[in-house]
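See below for the structure under consideration.
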Amino acid sequence: MEHSISLRERSSLVISGVDHIYSFNDKRVELSTSAGRLIVEGESLDMNKLNLEESIISVEGTVNSMNYVKAKKPEEKFFKKVFK
């Protein structure tokens with residue numbers, strides 16, 4: 001699945017290749033894409049369009065940041081505590 005991001009003037013965001021939406025509110029969107037987990041932060045964020053068949057989400061509002069984050073493996077956290 002192809003993943004792309006289109007942002008116009010920090011206020012109109014379209015993301016394709018969306019697998020899952022973990023959370024959505026007016027300040028933060030957390031979702032999984034085919035390129036990894038993505039967190040979008042901003043102000044007055046509103047889901048304008050969601051097309052599950054095409055895996056596209058459209059968000060309106062002021063976008064302040066977009067970050068891809070690594071998924072933490074539970075066993076790594078456990079071993080770090082044990083061998084500290």
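Within each chain, counting starts at residue 1; across the structure tokens, chains are named A, B, ... in the order shown, with ligands numbered 1 upward in that order.
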Inset, instruction - Would you kindly return, as a ChimeraX atom specification, each protein, DNA or RNA residue with an atom no farther than 6 Å from any atom of segment 4-19 of chain A, considering only C-alpha atoms and excluding same-chain residues fewer than 5 positions away? - result: /A:32-34,55-63
Legend entry - Atom pair atom CA of Arg28 of chain A / atom CA of Met1 of chain A: separation (Å): 24.1 Å
Inset, instruction - Give the helix (DSSP H, G or I) residues of segment 8-77 of chain A, as DSSP finds them on the backbone, and put them as a PyMOL selection string. - result: chain A and resi 74-77
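By chain and then residue number, the residues within 9 Å of Glu41 of chain A are A:Asp26, A:Lys27, A:Arg28, A:Val29, A:Glu30, A:Leu45, A:Thr62, A:Val63, A:Asn64, A:Ser65, A:Met66, A:Asn67, counting only C-alpha atoms and disregarding those fewer than 4 positions away in sequence.
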Just the selected residues (N, CA, C and O atoms), exported as a short mmCIF file (atom, residue, chain, number, x, y, z; two decimals), in the first residue's frame, please.
```
data_model
loop_
_atom_site.label_atom_id
_atom_site.label_comp_id
_atom_site.auth_asym_id
_atom_site.auth_seq_id
_atom_site.Cartn_x
_atom_site.Cartn_y
_atom_site.Cartn_z
N ASP A 26 -9.02 17.21 19.03
CA ASP A 26 -8.75 18.50 18.38
C ASP A 26 -7.29 18.95 18.47
O ASP A 26 -6.89 19.91 17.82
N LYS A 27 -6.45 18.21 19.22
CA LYS A 27 -5.04 18.58 19.36
C LYS A 27 -4.06 17.51 18.85
O LYS A 27 -2.90 17.80 18.61
N ARG A 28 -4.54 16.26 18.67
CA ARG A 28 -3.62 15.17 18.35
C ARG A 28 -4.33 14.07 17.57
O ARG A 28 -5.45 13.66 17.92
N VAL A 29 -3.65 13.56 16.55
CA VAL A 29 -4.11 12.41 15.78
C VAL A 29 -3.00 11.37 15.82
O VAL A 29 -1.86 11.68 15.49
N GLU A 30 -3.32 10.17 16.24
CA GLU A 30 -2.35 9.09 16.29
C GLU A 30 -2.86 7.96 15.41
O GLU A 30 -3.96 7.45 15.63
N LEU A 45 -8.01 20.56 15.26
CA LEU A 45 -8.00 19.50 14.25
C LEU A 45 -9.37 18.87 14.13
O LEU A 45 -10.03 18.59 15.13
N THR A 62 -5.01 23.60 12.21
CA THR A 62 -3.62 24.05 12.17
C THR A 62 -2.69 22.91 12.58
O THR A 62 -2.75 22.44 13.70
N VAL A 63 -1.84 22.50 11.66
CA VAL A 63 -0.89 21.41 11.92
C VAL A 63 0.42 22.01 12.42
O VAL A 63 1.02 22.84 11.75
N ASN A 64 0.83 21.61 13.63
CA ASN A 64 2.07 22.10 14.22
C ASN A 64 3.23 21.13 14.03
O ASN A 64 4.38 21.56 13.90
N SER A 65 2.95 19.83 14.03
CA SER A 65 4.03 18.85 13.85
C SER A 65 3.47 17.51 13.37
O SER A 65 2.31 17.18 13.62
N MET A 66 4.36 16.77 12.69
CA MET A 66 4.07 15.40 12.28
C MET A 66 5.32 14.59 12.57
O MET A 66 6.42 14.96 12.12
N ASN A 67 5.18 13.50 13.31
CA ASN A 67 6.33 12.68 13.69
C ASN A 67 6.02 11.20 13.53
O ASN A 67 4.96 10.74 13.95
#
```
Inset, instruction - Identify, with DSSP run on backbone atoms, the residues in chain A assigned to strand (DSSP E or B), and express the list as a ChimeraX atom specification. - result: /A:4-8,12-16,18-24,28-33,36-51,56-69
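Minimum atom-to-atom distance to Met47 of chain A, evaluated using only C-alpha atoms, belongs to A:Asn25 out of A:Asn25, A:Glu2, A:Ala35, A:Val69.
As for atom CA of Lys70 of chain A and atom CA of Asn48 of chain A, they are spaced 27.0 Å apart.
With atom CA of Tyr22 of chain A on one side and atom CA of Arg37 of chain A on the other, the separation reads 9.6 Å.
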